[in-house]
>>> print(open('final.csv').read())   # CSV, C-alpha atoms
chain,number,residue,atom,x,y,z
A,1,THR,CA,-5.0,4.2,-22.4
A,2,MET,CA,-2.9,2.8,-19.6
A,3,GLY,CA,-0.2,5.4,-20.0
A,4,ALA,CA,-2.5,8.4,-19.9
A,5,VAL,CA,-2.2,11.0,-17.1
A,6,ASP,CA,-5.2,13.2,-17.8
A,7,PRO,CA,-7.4,13.9,-14.7
A,8,LYS,CA,-10.1,11.4,-15.7
A,9,THR,CA,-7.6,8.5,-16.2
A,10,VAL,CA,-5.7,9.4,-13.1
A,11,GLY,CA,-9.0,9.2,-11.1
A,12,VAL,CA,-9.8,5.8,-12.6
A,13,ARG,CA,-6.3,4.5,-11.9
A,14,LEU,CA,-6.5,5.6,-8.2
A,15,ARG,CA,-9.9,3.9,-7.8
A,16,SER,CA,-9.0,0.8,-9.7
A,17,PRO,CA,-7.5,-1.2,-6.7
A,18,ARG,CA,-11.0,-1.1,-5.1
A,19,ALA,CA,-12.0,-3.8,-7.7
A,20,LEU,CA,-9.7,-6.1,-5.7
A,21,TRP,CA,-12.0,-6.0,-2.6
A,22,ASP,CA,-14.9,-3.5,-2.6
A,23,PRO,CA,-18.3,-5.0,-3.2
A,24,THR,CA,-19.7,-1.5,-3.8
A,25,TYR,CA,-17.2,-0.5,-6.5
A,26,LYS,CA,-18.3,-1.1,-10.1
A,27,ASP,CA,-15.2,-1.7,-12.2
A,28,GLU,CA,-14.9,1.2,-14.6
A,29,SER,CA,-13.6,-0.9,-17.5
A,30,TRP,CA,-15.8,-2.8,-19.9
A,31,ILE,CA,-16.7,-5.0,-17.0
A,32,GLY,CA,-19.0,-2.4,-15.5
A,33,GLU,CA,-19.9,-4.4,-12.3
A,34,PRO,CA,-18.4,-5.2,-8.9
A,35,VAL,CA,-15.5,-7.6,-9.1
A,36,ARG,CA,-14.2,-8.0,-5.5
A,37,LEU,CA,-11.5,-10.2,-7.0
A,38,LEU,CA,-9.6,-11.3,-3.9
A,39,PRO,CA,-12.6,-12.2,-1.7
A,40,ARG,CA,-14.2,-13.9,-4.7
A,41,LEU,CA,-11.2,-16.1,-5.3
A,42,GLN,CA,-11.1,-16.9,-1.6
A,43,ASP,CA,-14.7,-17.9,-1.7
A,44,TRP,CA,-14.0,-20.3,-4.6
A,45,ILE,CA,-11.0,-21.7,-2.8
A,46,ASN,CA,-13.0,-22.3,0.4
A,47,GLU,CA,-15.8,-24.1,-1.5
A,48,TYR,CA,-13.8,-26.1,-4.1
A,49,TYR,CA,-10.1,-26.1,-3.2
A,50,PRO,CA,-9.6,-25.6,0.6
A,51,GLY,CA,-6.0,-24.6,1.5
A,52,THR,CA,-5.1,-23.4,-2.0
A,53,GLY,CA,-3.2,-20.1,-2.1
A,54,ILE,CA,-4.0,-17.1,-4.2
A,55,GLN,CA,-1.6,-16.2,-7.0
A,56,ILE,CA,-2.1,-13.2,-9.2
A,57,GLY,CA,-0.8,-13.1,-12.8
A,58,GLU,CA,0.4,-10.1,-14.7
A,59,TRP,CA,-0.7,-6.8,-13.2
A,60,ASN,CA,0.3,-3.2,-14.0
A,61,TYR,CA,-1.5,0.2,-13.7
A,62,GLY,CA,0.4,1.9,-16.5
A,63,ALA,CA,1.9,5.4,-16.4
A,64,GLU,CA,4.6,4.2,-14.0
A,65,GLY,CA,6.2,7.7,-14.1
A,66,ASP,CA,3.1,9.3,-12.6
A,67,MET,CA,2.4,9.4,-8.9
A,68,SER,CA,-1.1,7.9,-9.5
A,69,SER,CA,0.6,4.7,-10.6
A,70,GLY,CA,2.8,4.7,-7.5
A,71,LEU,CA,-0.1,5.1,-5.2
A,72,ALA,CA,-2.2,2.5,-7.0
A,73,THR,CA,0.7,0.1,-6.9
A,74,ALA,CA,1.4,0.6,-3.2
A,75,GLU,CA,-2.4,0.2,-2.4
A,76,THR,CA,-2.4,-3.1,-4.3
A,77,LEU,CA,0.6,-4.4,-2.5
A,78,GLY,CA,-1.1,-3.6,0.8
A,79,LEU,CA,-4.3,-5.3,-0.4
A,80,PHE,CA,-2.3,-8.4,-1.4
A,81,ALA,CA,-0.9,-8.5,2.1
A,82,SER,CA,-4.2,-8.1,3.8
A,83,HIS,CA,-5.9,-10.8,1.7
A,84,GLY,CA,-3.1,-13.4,2.0
A,85,VAL,CA,-2.0,-13.4,-1.6
A,86,ARG,CA,1.0,-15.7,-1.8
A,87,SER,CA,2.5,-14.4,-5.0
A,88,ALA,CA,1.8,-11.8,-7.7
A,89,PHE,CA,3.7,-11.0,-10.8
A,90,TYR,CA,4.1,-7.4,-11.8
A,91,TRP,CA,4.6,-7.0,-15.6
A,92,PRO,CA,7.2,-6.5,-16.8
A,93,TYR,CA,9.0,-4.6,-13.9
A,94,PRO,CA,8.6,-1.1,-12.4
A,95,ALA,CA,10.8,1.4,-14.2
A,96,ILE,CA,13.8,2.3,-12.0
A,97,ASP,CA,13.3,5.4,-9.9
A,98,SER,CA,9.6,5.7,-11.0
A,99,PRO,CA,6.8,6.2,-8.5
A,100,ALA,CA,5.8,2.5,-9.2
A,101,PHE,CA,9.3,1.5,-8.3
A,102,PHE,CA,9.2,3.4,-5.0
A,103,ALA,CA,5.8,1.8,-4.2
A,104,PHE,CA,7.7,-1.5,-4.0
A,105,ARG,CA,10.5,0.2,-2.1
A,106,ALA,CA,8.0,1.4,0.5
A,107,PHE,CA,7.4,-2.2,1.4
A,108,ARG,CA,10.8,-3.6,0.5
A,109,ASN,CA,14.1,-1.8,1.3
A,110,PHE,CA,12.6,1.6,2.2
A,111,ASP,CA,15.8,2.7,4.0
A,112,GLY,CA,18.2,1.3,1.4
A,113,GLN,CA,19.5,-1.2,4.1
A,114,GLY,CA,16.9,-4.0,3.8
A,115,GLY,CA,14.2,-2.4,5.9
A,116,ARG,CA,10.9,-4.0,5.0
A,117,PHE,CA,7.2,-4.5,5.8
A,118,LEU,CA,7.2,-7.1,8.5
A,119,ASP,CA,5.6,-10.6,8.8
A,120,GLN,CA,2.5,-10.1,10.9
A,121,LEU,CA,-0.2,-7.8,9.6
A,122,ILE,CA,-2.0,-5.5,12.0
A,123,PRO,CA,-5.6,-4.6,11.0
A,124,THR,CA,-5.9,-0.8,10.5
A,125,PRO,CA,-8.9,1.4,9.7
A,126,HIS,CA,-8.8,3.4,6.4
A,127,ALA,CA,-10.1,6.9,6.0
A,128,GLU,CA,-11.2,8.8,2.9
A,129,GLY,CA,-8.2,9.7,0.9
A,130,LEU,CA,-5.8,7.9,3.2
A,131,SER,CA,-4.7,4.3,3.4
A,132,VAL,CA,-2.6,2.7,6.2
A,133,TRP,CA,-1.0,-0.7,6.2
A,134,ALA,CA,0.6,-1.9,9.4
A,135,SER,CA,2.9,-4.8,10.4
A,136,LYS,CA,4.9,-6.0,13.3
A,137,ASP,CA,7.6,-8.6,14.0
A,138,THR,CA,7.1,-11.6,16.3
A,139,THR,CA,8.3,-9.7,19.4
A,140,GLY,CA,5.8,-6.9,18.9
A,141,LYS,CA,8.6,-4.4,19.5
A,142,HIS,CA,9.2,-3.5,15.9
A,143,LEU,CA,6.4,-1.9,13.7
A,144,VAL,CA,6.5,-0.9,10.1
A,145,LEU,CA,3.6,1.1,8.6
A,146,VAL,CA,2.9,2.3,5.0
A,147,VAL,CA,0.8,5.4,4.8
A,148,LEU,CA,-0.7,6.7,1.5
A,149,ASN,CA,-2.0,10.2,1.1
A,150,TYR,CA,-4.2,10.4,-2.0
A,151,ASP,CA,-5.0,14.1,-1.7
A,152,ALA,CA,-3.1,16.1,-4.4
A,153,THR,CA,-3.1,19.3,-2.4
A,154,ALA,CA,-3.7,18.7,1.3
A,155,TRP,CA,-1.2,17.6,4.0
A,156,ILE,CA,-2.4,15.0,6.4
A,157,ALA,CA,-1.6,14.7,10.1
A,158,PRO,CA,-2.0,11.0,11.0
A,159,LYS,CA,-2.0,10.0,14.7
A,160,VAL,CA,-0.5,6.6,15.4
A,161,GLU,CA,-1.7,5.5,18.9
A,162,LEU,CA,0.1,2.6,20.3
A,163,GLY,CA,-1.6,2.2,23.6
A,164,GLY,CA,-0.9,3.8,27.0
A,165,CYS,CA,1.5,1.2,28.3
A,166,THR,CA,3.7,1.3,25.3
A,167,ALA,CA,6.9,3.3,25.3
A,168,ILE,CA,8.4,4.4,22.0
A,169,GLU,CA,12.2,4.0,21.7
A,170,SER,CA,12.6,5.5,18.2
A,171,ASN,CA,10.8,6.3,15.0
A,172,ALA,CA,11.8,7.2,11.4
A,173,ALA,CA,9.5,8.3,8.5
A,174,TYR,CA,10.6,7.7,5.0
A,175,VAL,CA,8.6,10.0,2.7
A,176,TYR,CA,8.3,9.8,-1.1
A,177,THR,CA,6.7,12.5,-3.2
A,178,ALA,CA,6.2,12.8,-6.9
A,179,GLY,CA,9.5,13.5,-8.8
A,180,ALA,CA,11.7,12.6,-5.8
A,181,LYS,CA,14.9,10.6,-6.4
A,182,ASN,CA,14.5,8.7,-3.1
A,183,PHE,CA,12.7,8.7,0.2
A,184,VAL,CA,13.4,11.6,2.5
A,185,LYS,CA,14.0,10.5,6.1
A,186,THR,CA,12.4,12.4,8.9
A,187,GLN,CA,10.7,11.8,12.2
A,188,LEU,CA,7.3,12.1,13.8
A,189,GLN,CA,6.7,13.8,17.1
A,190,VAL,CA,6.4,11.5,20.2
A,191,ASP,CA,3.8,12.3,22.9
A,192,GLY,CA,3.8,9.4,25.3
A,193,SER,CA,2.7,6.4,23.3
A,194,THR,CA,1.4,8.5,20.4
A,195,LEU,CA,3.1,9.6,17.2
A,196,THR,CA,2.0,12.6,15.2
A,197,GLY,CA,3.3,14.6,12.3
A,198,ASP,CA,2.5,16.1,8.9
A,199,LEU,CA,2.8,14.1,5.7
A,200,PRO,CA,2.8,15.9,2.3
A,201,PRO,CA,0.1,15.7,-0.4
A,202,TYR,CA,0.2,12.8,-2.9
A,203,SER,CA,2.8,10.9,-1.0
A,204,MET,CA,3.9,7.4,0.2
A,205,THR,CA,5.4,7.2,3.7
A,206,THR,CA,6.9,4.2,5.5
A,207,LEU,CA,7.1,4.5,9.3
A,208,ASP,CA,9.7,2.5,11.1
A,209,ILE,CA,8.9,2.3,14.8
A,210,ARG,CA,10.8,0.6,17.6
A,211,LEU,CA,9.3,0.1,21.0
A,212,LYS,CA,11.1,-0.3,24.3
>>> encode(input="final.csv", output="structure tokens")
Amino acid sequence: TMGAVDPKTVGVRLRSPRALWDPTYKDESWIGEPVRLLPRLQDWINEYYPGTGIQIGEWNYGAEGDMSSGLATAETLGLFASHGVRSAFYWPYPAIDSPAFFAFRAFRNFDGQGGRFLDQLIPTPHAEGLSVWASKDTTGKHLVLVVLNYDATAWIAPKVELGGCTAIESNAAYVYTAGAKNFVKTQLQVDGSTLTGDLPPYSMTTLDIRLK
């Protein structure tokens, strides 16, 4: 069921966002075949309705109080950004202070002061067990990244390389782990134009970076 948190269901929930884009992923519901929903919709638009935007109706991964739901929700928001989704309707709304709630907060108001994912998407590579979504403002001097660690036991040490001619003015990391009441603010280490640091298992982190 949608609210289950047994290991099998948690695994399916964490993999489910792949149905939005991955041609190699067979949907583990009754569908049982690749869906690649967002590219498929875009293909139809390009062929039949050029210029039409993508809008997603009701969506929800269930078990909002479990970290698997938070990670799946955050992954989906990143996928919506990277595939140009114009609107999507979460049903009915994420329970306040749940991991699903903080998935939205990671992109919108991560610092409690209106901090948000920015308007220009930066393509980023994804690694096994790790997702990174990156954005910048029109000046290119302000970057906001959302980093998802899917490993339930291992810390990760991401390296954010900004290019040798870029000077970092400041950075802040807003880290959410299962059961937390809010993001915990910390910093990554600066080495020239590179940021490094350890991020905890099963976590969502928003990096707020300012360049000189």
>>> atom_distance(input="final.csv", atom1="atom CA of Arg210 of chain A", atom2="atom CA of Phe107 of chain A")
16.8 Å
>>> closest_residue(input="final.csv", among="A:Val160, A:Ala180, A:Leu20, A:Leu207", to="Leu77 of chain A", atoms="all atoms listed in the file")
A:Leu20
>>> closest_residue(input="final.csv", among="A:Ala95, A:Met2, A:Leu71, A:Ala106", to="Phe183 of chain A", atoms="only C-alpha atoms")
A:Ala106
>>> closest_residue(input="final.csv", among="A:Ala81, A:Ser98, A:Ala157, A:Val12", to="Ile122 of chain A", atoms="all atoms listed in the file")
A:Ala81
>>> closest_residue(input="final.csv", among="A:Glu33, A:Asp208, A:Glu75, A:Asp119", to="Val175 of chain A", atoms="only C-alpha atoms")
A:Asp208
>>> residues_around(input="final.csv", residues="Ala178 of chain A", least_positions_apart="5", cutoff="10 Å", atoms="only C-alpha atoms", output="PDB file with C-alpha atoms, keeping the file's coordinate frame")
ATOM      1  CA  GLY A  65       6.200   7.700 -14.100  1.00  0.00           C
ATOM      2  CA  ASP A  66       3.100   9.300 -12.600  1.00  0.00           C
ATOM      3  CA  MET A  67       2.400   9.400  -8.900  1.00  0.00           C
ATOM      4  CA  SER A  68      -1.100   7.900  -9.500  1.00  0.00           C
ATOM      5  CA  GLY A  70       2.800   4.700  -7.500  1.00  0.00           C
ATOM      6  CA  SER A  98       9.600   5.700 -11.000  1.00  0.00           C
ATOM      7  CA  PRO A  99       6.800   6.200  -8.500  1.00  0.00           C
ATOM      8  CA  PRO A 201       0.100  15.700  -0.400  1.00  0.00           C
ATOM      9  CA  TYR A 202       0.200  12.800  -2.900  1.00  0.00           C
ATOM     10  CA  SER A 203       2.800  10.900  -1.000  1.00  0.00           C
ATOM     11  CA  MET A 204       3.900   7.400   0.200  1.00  0.00           C
TER      12      MET A 204
END
>>> atom_distance(input="final.csv", atom1="atom CA of Val35 of chain A", atom2="atom CA of Pro17 of chain A")
10.5 Å
>>> residues_around(input="final.csv", residues="Asp97 of chain A", least_positions_apart="6", cutoff="10 Å", atoms="all atoms listed in the file", output="PyMOL selection string")
chain A and resi 64-65+105+179-182
>>> residues_around(input="final.csv", residues="Glu128 of chain A", least_positions_apart="5", cutoff="10 Å", atoms="only C-alpha atoms", output="number ranges by chain")
A: 149-151
>>> residues_around(input="final.csv", residues="Asp198 of chain A", least_positions_apart="6", cutoff="12 Å", atoms="only C-alpha atoms", output="ChimeraX atom specification")
/A:147,149,154-160,173,175,186-189,205
>>> closest_residue(input="final.csv", among="A:Tyr48, A:Glu58, A:Leu38, A:Ser193", to="Gly84 of chain A", atoms="all atoms listed in the file")
A:Leu38
>>> residues_near_point(input="final.csv", point="(9.4, -10.1, 16.3)", cutoff="12 Å", atoms="all atoms listed in the file", output="PyMOL selection string")
chain A and resi 118-121+135-144+210-211
>>> atom_distance(input="final.csv", atom1="atom CA of Glu28 of chain A", atom2="atom CA of Gly11 of chain A")
10.5 Å
>>> residues_around(input="final.csv", residues="segment 39-42 of chain A", least_positions_apart="6", cutoff="10 Å", atoms="all atoms listed in the file", output="list in words")
Leu20, Trp21, Asp22, Pro23, Tyr48, Tyr49, Pro50, Gly51, Thr52, Gly53, Ile54, Gln55, His83, Gly84 and Val85 of chain A
>>> residues_near_point(input="final.csv", point="(2.5, 3.1, 4.5)", cutoff="6 Å", atoms="only C-alpha atoms", output="list in words")
Val132, Trp133, Leu145, Val146, Val147, Leu148, Thr205 and Thr206 of chain A
>>> build_atoms(input="final.csv", residues="segment 30-53 of chain A", atoms="N, CA, C and O atoms", output="CSV table (one decimal), in the coordinates of the input")
chain,number,residue,atom,x,y,z
A,30,TRP,N,-14.7,-2.2,-19.2
A,30,TRP,CA,-15.8,-2.8,-19.9
A,30,TRP,C,-16.6,-3.7,-19.0
A,30,TRP,O,-17.8,-4.1,-19.3
A,31,ILE,N,-16.0,-4.1,-17.9
A,31,ILE,CA,-16.7,-5.0,-17.0
A,31,ILE,C,-17.9,-4.4,-16.4
A,31,ILE,O,-19.0,-5.0,-16.4
A,32,GLY,N,-17.8,-3.2,-15.9
A,32,GLY,CA,-19.0,-2.4,-15.5
A,32,GLY,C,-19.8,-3.0,-14.3
A,32,GLY,O,-21.0,-2.6,-14.1
A,33,GLU,N,-19.2,-3.8,-13.5
A,33,GLU,CA,-19.9,-4.4,-12.3
A,33,GLU,C,-18.9,-4.7,-11.2
A,33,GLU,O,-17.7,-4.7,-11.5
A,34,PRO,N,-19.4,-4.9,-10.0
A,34,PRO,CA,-18.4,-5.2,-8.9
A,34,PRO,C,-17.6,-6.5,-9.2
A,34,PRO,O,-18.2,-7.5,-9.7
A,35,VAL,N,-16.4,-6.5,-8.9
A,35,VAL,CA,-15.5,-7.6,-9.1
A,35,VAL,C,-15.1,-8.3,-7.8
A,35,VAL,O,-15.1,-9.5,-7.7
A,36,ARG,N,-14.7,-7.5,-6.8
A,36,ARG,CA,-14.2,-8.0,-5.5
A,36,ARG,C,-13.4,-9.2,-5.7
A,36,ARG,O,-13.6,-10.3,-5.2
A,37,LEU,N,-12.3,-9.1,-6.5
A,37,LEU,CA,-11.5,-10.2,-7.0
A,37,LEU,C,-11.0,-11.1,-5.9
A,37,LEU,O,-11.1,-12.3,-5.9
A,38,LEU,N,-10.3,-10.5,-4.9
A,38,LEU,CA,-9.6,-11.3,-3.9
A,38,LEU,C,-10.6,-12.1,-3.0
A,38,LEU,O,-10.5,-13.3,-2.8
A,39,PRO,N,-11.7,-11.4,-2.4
A,39,PRO,CA,-12.6,-12.2,-1.7
A,39,PRO,C,-13.3,-13.3,-2.5
A,39,PRO,O,-13.7,-14.4,-2.1
A,40,ARG,N,-13.6,-12.9,-3.8
A,40,ARG,CA,-14.2,-13.9,-4.7
A,40,ARG,C,-13.4,-15.1,-4.9
A,40,ARG,O,-13.9,-16.3,-4.8
A,41,LEU,N,-12.1,-14.9,-5.2
A,41,LEU,CA,-11.2,-16.1,-5.3
A,41,LEU,C,-11.1,-16.9,-4.0
A,41,LEU,O,-11.1,-18.1,-4.1
A,42,GLN,N,-11.1,-16.2,-2.9
A,42,GLN,CA,-11.1,-16.9,-1.6
A,42,GLN,C,-12.3,-17.7,-1.4
A,42,GLN,O,-12.3,-18.9,-0.9
A,43,ASP,N,-13.5,-17.2,-1.8
A,43,ASP,CA,-14.7,-17.9,-1.7
A,43,ASP,C,-14.7,-19.2,-2.5
A,43,ASP,O,-15.1,-20.3,-2.1
A,44,TRP,N,-14.2,-19.1,-3.7
A,44,TRP,CA,-14.0,-20.3,-4.6
A,44,TRP,C,-13.1,-21.3,-4.0
A,44,TRP,O,-13.4,-22.5,-4.0
A,45,ILE,N,-12.0,-20.8,-3.4
A,45,ILE,CA,-11.0,-21.7,-2.8
A,45,ILE,C,-11.7,-22.4,-1.6
A,45,ILE,O,-11.6,-23.7,-1.5
A,46,ASN,N,-12.4,-21.7,-0.8
A,46,ASN,CA,-13.0,-22.3,0.4
A,46,ASN,C,-14.0,-23.4,0.0
A,46,ASN,O,-14.2,-24.4,0.7
A,47,GLU,N,-14.7,-23.1,-1.1
A,47,GLU,CA,-15.8,-24.1,-1.5
A,47,GLU,C,-15.2,-25.3,-2.3
A,47,GLU,O,-15.7,-26.4,-2.1
A,48,TYR,N,-14.2,-25.0,-3.2
A,48,TYR,CA,-13.8,-26.1,-4.1
A,48,TYR,C,-12.4,-26.6,-3.8
A,48,TYR,O,-12.1,-27.8,-4.1
A,49,TYR,N,-11.5,-25.7,-3.3
A,49,TYR,CA,-10.1,-26.1,-3.2
A,49,TYR,C,-9.5,-25.7,-1.8
A,49,TYR,O,-8.6,-24.8,-1.8
A,50,PRO,N,-10.1,-26.1,-0.7
A,50,PRO,CA,-9.6,-25.6,0.6
A,50,PRO,C,-8.1,-25.7,0.7
A,50,PRO,O,-7.5,-26.7,0.4
A,51,GLY,N,-7.5,-24.6,1.2
A,51,GLY,CA,-6.0,-24.6,1.5
A,51,GLY,C,-5.2,-24.1,0.3
A,51,GLY,O,-4.0,-23.9,0.5
A,52,THR,N,-5.8,-23.9,-0.9
A,52,THR,CA,-5.1,-23.4,-2.0
A,52,THR,C,-4.8,-21.9,-1.8
A,52,THR,O,-5.6,-21.2,-1.3
A,53,GLY,N,-3.6,-21.5,-2.2
A,53,GLY,CA,-3.2,-20.1,-2.1
A,53,GLY,C,-3.6,-19.3,-3.3
A,53,GLY,O,-3.9,-19.9,-4.4
